[in-house]
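The structure file target10.txt is reproduced below (compact mmCIF, C-alpha atoms).
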```
# COMPACT_ATOMS: atom_id res chain seq x y z
CA MET I 1 1.57 3.92 -35.04
CA SER I 2 -1.05 1.98 -36.96
CA ASP I 3 -2.92 1.09 -33.77
CA GLY I 4 -4.31 4.61 -33.44
CA THR I 5 -1.61 5.83 -31.11
CA GLN I 6 -0.96 9.52 -31.70
CA LEU I 7 1.62 10.21 -29.04
CA GLN I 8 4.18 7.81 -27.62
CA ILE I 9 6.67 8.28 -24.82
CA GLU I 10 9.53 5.84 -24.35
CA LEU I 11 11.47 6.13 -21.13
CA VAL I 12 13.73 4.13 -18.89
CA SER I 13 12.64 3.08 -15.44
CA ASP I 14 14.29 6.05 -13.78
CA SER I 15 12.01 8.01 -11.48
CA ARG I 16 13.67 11.30 -12.47
CA TYR I 17 11.47 11.33 -15.56
CA LEU I 18 8.13 10.90 -13.81
CA SER I 19 7.50 14.62 -13.55
CA CYS I 20 8.12 15.00 -17.30
CA VAL I 21 5.59 12.26 -18.04
CA ARG I 22 3.03 13.83 -15.70
CA GLU I 23 3.36 17.15 -17.47
CA CYS I 24 3.09 15.61 -20.92
CA ILE I 25 0.06 13.49 -20.06
CA ALA I 26 -1.74 16.40 -18.40
CA GLN I 27 -1.10 18.64 -21.39
CA ALA I 28 -2.19 15.98 -23.88
CA SER I 29 -5.36 15.34 -21.88
CA ARG I 30 -6.24 19.02 -21.89
CA GLN I 31 -5.65 19.17 -25.64
CA LEU I 32 -8.06 16.25 -26.07
CA GLY I 33 -10.88 18.03 -24.28
CA PHE I 34 -10.51 17.21 -20.61
CA SER I 35 -10.81 19.80 -17.87
CA ASP I 36 -7.77 20.80 -15.83
CA ALA I 37 -8.98 18.66 -12.92
CA GLN I 38 -9.59 15.64 -15.16
CA ALA I 39 -6.23 16.09 -16.86
CA ALA I 40 -4.59 16.11 -13.44
CA GLN I 41 -6.35 12.84 -12.62
CA VAL I 42 -5.15 11.19 -15.82
CA ALA I 43 -1.60 12.38 -15.14
CA MET I 44 -1.77 11.07 -11.61
CA ALA I 45 -3.02 7.65 -12.72
CA VAL I 46 -0.16 7.35 -15.21
CA ASP I 47 2.33 8.59 -12.61
CA GLU I 48 1.18 5.99 -10.10
CA ALA I 49 1.21 3.23 -12.71
CA ILE I 50 4.75 3.99 -13.87
CA ALA I 51 5.97 4.34 -10.29
CA ASN I 52 4.59 0.84 -9.66
CA VAL I 53 6.42 -0.49 -12.71
CA ILE I 54 9.69 1.09 -11.51
CA LYS I 55 9.28 -0.10 -7.93
CA HIS I 56 7.65 -3.49 -8.24
CA GLY I 57 8.27 -4.46 -11.86
CA TYR I 58 11.89 -3.49 -12.27
CA GLY I 59 12.80 -3.45 -8.57
CA GLU I 60 14.09 0.12 -8.98
CA ARG I 61 16.53 -0.95 -11.67
CA PRO I 62 16.87 2.29 -13.67
CA ASP I 63 17.44 0.87 -17.16
CA GLY I 64 14.22 -1.00 -17.86
CA LYS I 65 12.07 0.15 -20.76
CA ILE I 66 8.61 1.65 -20.41
CA TRP I 67 6.34 2.76 -23.20
CA VAL I 68 3.36 5.08 -22.81
CA LYS I 69 0.98 5.31 -25.77
CA ILE I 70 -1.79 7.88 -25.95
CA THR I 71 -4.78 7.42 -28.22
CA PRO I 72 -7.71 9.83 -28.49
CA LEU I 73 -11.06 8.09 -28.71
CA PRO I 74 -13.86 9.37 -30.95
CA ASP I 75 -16.25 11.68 -29.13
CA GLU I 76 -19.43 9.99 -27.98
CA PRO I 77 -22.78 11.69 -27.31
CA VAL I 78 -23.04 10.47 -23.73
CA ARG I 79 -19.50 9.74 -22.62
CA GLY I 80 -17.93 12.77 -24.32
CA SER I 81 -14.23 12.97 -25.15
CA GLY I 82 -12.13 9.92 -24.48
CA ILE I 83 -8.51 9.05 -24.02
CA ARG I 84 -6.83 5.67 -23.92
CA ILE I 85 -3.38 5.28 -22.45
CA VAL I 86 -1.45 2.04 -22.73
CA ILE I 87 1.59 1.50 -20.52
CA GLU I 88 3.86 -1.41 -21.39
CA ASP I 89 7.05 -2.70 -19.87
CA GLU I 90 9.48 -5.60 -19.99
CA ALA I 91 9.48 -6.11 -16.24
CA LYS I 92 8.50 -9.23 -14.37
CA GLN I 93 5.01 -10.51 -14.96
CA VAL I 94 2.35 -10.83 -12.32
CA GLU I 95 -1.11 -12.33 -12.44
CA PRO I 96 -3.50 -9.46 -13.21
CA SER I 97 -5.94 -10.79 -10.62
CA CYS I 98 -3.28 -10.26 -7.97
CA ILE I 99 -3.02 -6.53 -8.65
CA LYS I 100 -5.26 -5.00 -6.03
CA GLY I 101 -5.30 -1.90 -3.90
CA ARG I 102 -5.17 -2.46 -0.19
CA ASP I 103 -8.10 -2.31 2.17
CA LEU I 104 -8.55 1.38 2.96
CA ALA I 105 -9.56 0.56 6.51
CA ASP I 106 -6.02 -0.64 7.06
CA ILE I 107 -4.22 2.63 7.80
CA ARG I 108 -0.64 2.08 6.77
CA PRO I 109 1.81 3.44 4.21
CA GLY I 110 1.78 1.97 0.72
CA GLY I 111 -0.65 0.10 -1.48
CA LEU I 112 -2.66 3.14 -2.46
CA GLY I 113 -1.54 3.60 -6.06
CA VAL I 114 -3.73 0.93 -7.61
CA HIS I 115 -6.70 2.18 -5.62
CA ILE I 116 -6.15 5.73 -6.91
CA ILE I 117 -5.83 4.52 -10.50
CA ARG I 118 -9.09 2.58 -10.31
CA GLU I 119 -10.83 5.50 -8.68
CA VAL I 120 -9.96 8.17 -11.25
CA MET I 121 -10.04 6.16 -14.50
CA ASP I 122 -13.20 4.71 -16.07
CA GLU I 123 -11.56 1.52 -17.31
CA VAL I 124 -8.44 -0.18 -15.98
CA ARG I 125 -7.11 -3.41 -17.44
CA TYR I 126 -3.91 -5.20 -16.52
CA GLU I 127 -2.66 -8.03 -18.70
CA LYS I 128 0.50 -9.95 -19.37
CA ARG I 129 2.29 -9.16 -22.60
CA GLN I 130 2.90 -12.14 -24.85
CA THR I 131 6.59 -12.62 -24.16
CA THR I 132 7.61 -10.48 -21.22
CA GLY I 133 6.32 -7.63 -19.13
CA MET I 134 2.91 -6.21 -18.45
CA ARG I 135 0.41 -4.03 -20.29
CA LEU I 136 -1.90 -1.62 -18.49
CA THR I 137 -4.72 -0.01 -20.44
CA LEU I 138 -6.35 3.06 -18.92
CA THR I 139 -9.40 4.77 -20.36
CA LYS I 140 -11.15 7.91 -19.28
CA TRP I 141 -14.17 9.77 -20.64
CA SER I 142 -14.84 13.43 -20.02
CA ASN I 143 -18.41 12.63 -18.92
CA GLY I 144 -17.48 9.40 -17.17
CA GLN I 145 -18.19 8.71 -13.54
CA ALA I 146 -14.62 8.04 -12.40
CA GLY I 147 -13.04 10.67 -10.21
CA ARG I 148 -16.15 12.79 -9.86
CA SER I 149 -16.26 12.60 -6.10
CA ALA I 150 -12.72 13.81 -5.50
CA MET I 151 -10.05 16.03 -7.01
CA SER I 152 -12.83 17.99 -8.64
CA ALA I 153 -11.34 21.45 -8.22
CA MET A 154 16.79 5.27 1.81
CA PRO A 155 18.99 8.12 0.55
CA ASP A 156 17.49 11.20 -1.03
CA ARG A 157 16.93 10.72 -4.72
CA VAL A 158 16.44 14.41 -5.25
CA PRO A 159 16.56 17.41 -2.99
CA ILE A 160 13.30 19.20 -2.51
CA ILE A 161 13.04 22.57 -0.89
CA VAL A 162 11.80 22.13 2.66
CA THR A 163 11.76 25.01 5.10
CA PHE A 164 11.69 24.44 8.85
CA ALA A 165 10.54 26.91 11.47
CA SER A 166 10.42 26.51 15.22
CA LEU A 167 7.57 28.47 16.69
CA ASP A 168 7.04 29.87 20.16
CA GLY A 169 5.41 27.21 22.25
CA GLY A 170 7.41 24.33 20.83
CA ALA A 171 5.68 23.64 17.52
CA VAL A 172 7.73 23.02 14.40
CA THR A 173 6.48 23.75 10.92
CA LEU A 174 7.78 21.93 7.89
CA SER A 175 7.01 23.55 4.54
CA PRO A 176 7.88 21.55 1.42
CA GLU A 177 7.71 23.17 -2.00
CA GLY A 178 6.99 21.69 -5.41
CA GLU A 179 5.78 18.24 -6.37
CA ILE A 180 6.02 15.16 -4.16
CA GLY A 181 5.82 11.99 -6.20
CA TYR A 182 7.72 8.73 -6.10
CA HIS A 183 11.01 10.43 -6.94
CA GLU A 184 10.76 13.16 -4.33
CA ALA A 185 9.19 11.16 -1.49
CA PRO A 186 12.47 9.92 0.08
CA ALA A 187 13.69 13.49 0.53
CA PHE A 188 10.34 14.42 2.01
CA ARG A 189 10.58 11.47 4.39
CA ASN A 190 14.04 12.54 5.51
CA ALA A 191 12.81 16.07 6.10
CA ILE A 192 9.99 14.81 8.28
CA ARG A 193 12.37 12.69 10.32
CA ALA A 194 14.62 15.74 10.76
CA ALA A 195 11.61 17.67 12.00
CA TYR A 196 10.85 15.02 14.63
CA ASP A 197 14.50 15.14 15.68
CA LYS A 198 13.86 18.71 16.79
CA ARG A 199 11.55 17.23 19.41
CA PRO A 200 8.56 19.45 18.72
CA ASN A 201 5.45 19.34 20.86
CA ARG A 202 3.44 19.71 17.64
CA LEU A 203 4.46 19.11 14.02
CA ILE A 204 2.73 21.15 11.36
CA VAL A 205 3.24 20.24 7.72
CA ASP A 206 2.36 23.26 5.61
CA LEU A 207 1.44 21.97 2.15
CA SER A 208 0.41 25.31 0.68
CA LYS A 209 3.35 25.27 -1.75
CA VAL A 210 2.86 21.68 -2.86
CA GLY A 211 1.18 21.52 -6.25
CA TYR A 212 1.12 17.76 -6.60
CA MET A 213 1.26 14.85 -4.21
CA GLY A 214 1.17 11.23 -5.29
CA THR A 215 0.61 8.26 -3.05
CA PRO A 216 4.33 8.02 -2.07
CA GLY A 217 3.97 11.46 -0.49
CA VAL A 218 0.75 10.41 1.20
CA ALA A 219 2.42 7.24 2.47
CA THR A 220 5.21 9.36 3.94
CA LEU A 221 2.64 11.35 5.86
CA VAL A 222 0.99 8.15 7.09
CA GLU A 223 4.40 7.12 8.44
CA ALA A 224 4.66 10.51 10.12
CA LEU A 225 1.25 10.01 11.67
CA GLN A 226 2.39 6.70 13.12
CA ILE A 227 5.48 8.38 14.61
CA SER A 228 3.29 11.13 16.02
CA LYS A 229 0.92 8.70 17.68
CA LYS A 230 3.78 6.68 19.11
CA ASN A 231 5.46 9.77 20.57
CA GLY A 232 2.38 11.77 21.49
CA VAL A 233 3.23 14.61 19.13
CA PRO A 234 0.18 16.03 17.34
CA LEU A 235 0.58 16.14 13.56
CA VAL A 236 -1.42 18.72 11.62
CA LEU A 237 -1.54 19.20 7.86
CA CYS A 238 -2.45 22.65 6.64
CA GLY A 239 -2.87 24.65 3.46
CA MET A 240 -3.30 21.83 1.00
CA ASN A 241 -4.95 22.62 -2.31
CA ASP A 242 -8.08 20.82 -3.42
CA ARG A 243 -6.28 18.36 -5.66
CA VAL A 244 -3.90 17.26 -2.94
CA ARG A 245 -6.80 16.98 -0.53
CA GLY A 246 -8.62 14.91 -3.15
CA VAL A 247 -5.94 12.24 -2.97
CA PHE A 248 -6.47 11.97 0.77
CA GLU A 249 -10.20 11.75 0.21
CA ILE A 250 -9.90 8.95 -2.32
CA ALA A 251 -7.73 7.05 0.14
CA GLN A 252 -10.18 7.97 2.92
CA LEU A 253 -7.28 9.38 4.90
CA HIS A 254 -8.85 12.81 5.35
CA LYS A 255 -10.68 11.24 8.29
CA VAL A 256 -7.52 10.23 10.12
CA PHE A 257 -5.40 13.36 9.73
CA LYS A 258 -5.96 16.69 11.40
CA MET A 259 -6.27 19.16 8.54
CA THR A 260 -6.69 22.90 8.59
CA SER A 261 -6.87 25.50 5.88
CA ASP A 262 -4.02 27.61 7.22
CA LEU A 263 -1.17 27.79 9.68
CA ALA A 264 -3.10 29.78 12.24
CA GLY A 265 -5.68 27.04 12.44
CA ALA A 266 -3.00 24.36 12.66
CA LEU A 267 -1.56 25.94 15.79
CA VAL A 268 -4.78 25.40 17.68
CA ALA A 269 -6.22 22.29 16.03
```

Once you've parsed the file, please lay out its structure as structure tokens.
Amino acid sequence: MSDGTQLQIELVSDSRYLSCVRECIAQASRQLGFSDAQAAQVAMAVDEAIANVIKHGYGERPDGKIWVKITPLPDEPVRGSGIRIVIEDEAKQVEPSCIKGRDLADIRPGGLGVHIIREVMDEVRYEKRQTTGMRLTLTKWSNGQAGRSAMSA
Amino acid sequence: MPDRVPIIVTFASLDGGAVTLSPEGEIGYHEAPAFRNAIRAAYDKRPNRLIVDLSKVGYMGTPGVATLVEALQISKKNGVPLVLCGMNDRVRGVFEIAQLHKVFKMTSDLAGALVA
């Protein structure tokens, strides 16, 4: 893990394992200095992202590969503790510019996951991997602005 | 869609025709289909009010929220009030981020849900 990754989860695209990933990410976030509420936000963002990979990327095929890499970022005076989570897959590629949450004024089921991710994480970057699949990089800082208005308890 | 996983959901028919549905645990992508089926079963009881008691739900992702949006659409179509009660602050936070707290009737407890 020469890229700074300190914890890596490899799973198949089977939704049974989402609760395990949530628990692991929340625990790791707490260990890295985030509050319980912030850790829950990070876990939720990862949960939503992987659910999107399973549903849209792999079309609910349960044997696709997904990697989740967790990297602590050096503490900063203003932004505080940081965590970077990279989620990669070998699913179908989509143009990153096409990945958008839906208009919240449109009250209907679905399309909320991307909106939630962008709301609770400080930095969100989707990109195509070189050969196949997508890479999502999520970053959160303990003193960052993301997620302050909700889920604060 | 068939249930991927059973979740514990308790039903209760109350005097006056209301039905309460009380799921327990976490409702993410994996559990949402079972939750959806439970809600449909609750509407099949032909309640005059459906109350979803979320006091035993520790986590709800957007698939759970989407299921409740579907329920709201069924309620509006059939004229059956839908009330959500007892949700913890984190679950409520998801509704707030999605700005859905404005479109659902929400109360802190079951007593309030009966009269909301």

Next on the checklist: Using all atoms listed in the file, I'd like every residue of chain I that has an atom within 12 Å of chain A; please write them out as a ChimeraX atom specification.
Outcome noted: /I:13-23,36-41,43-55,60,101-120,146-153

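Coordinates place atom CA of A:Asp262 at a distance of 16.1 Å from atom CA of A:Thr163.
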
Checklist outcome for this item: atom CA of A:Thr260 to atom CA of A:Asp206 measures 9.5 Å

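Near I:Gly80, within 9 Å and counting all atoms listed in the file, sit Gly33, Pro74, Trp141, Ser142, Asn143 and Gly144 of chain I, not including residues fewer than 6 positions from it in the same chain.
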
Edge lengths and centre in Å to one decimal, as lines of an AutoDock Vina configuration file, of the axis-aligned box that encloses all listed atoms of stretch 49-62 of chain I with 3 Å added on every side?
```
center_x = 9.0
center_y = -0.1
center_z = -10.9
size_x = 21.7
size_y = 14.8
size_z = 11.9
```
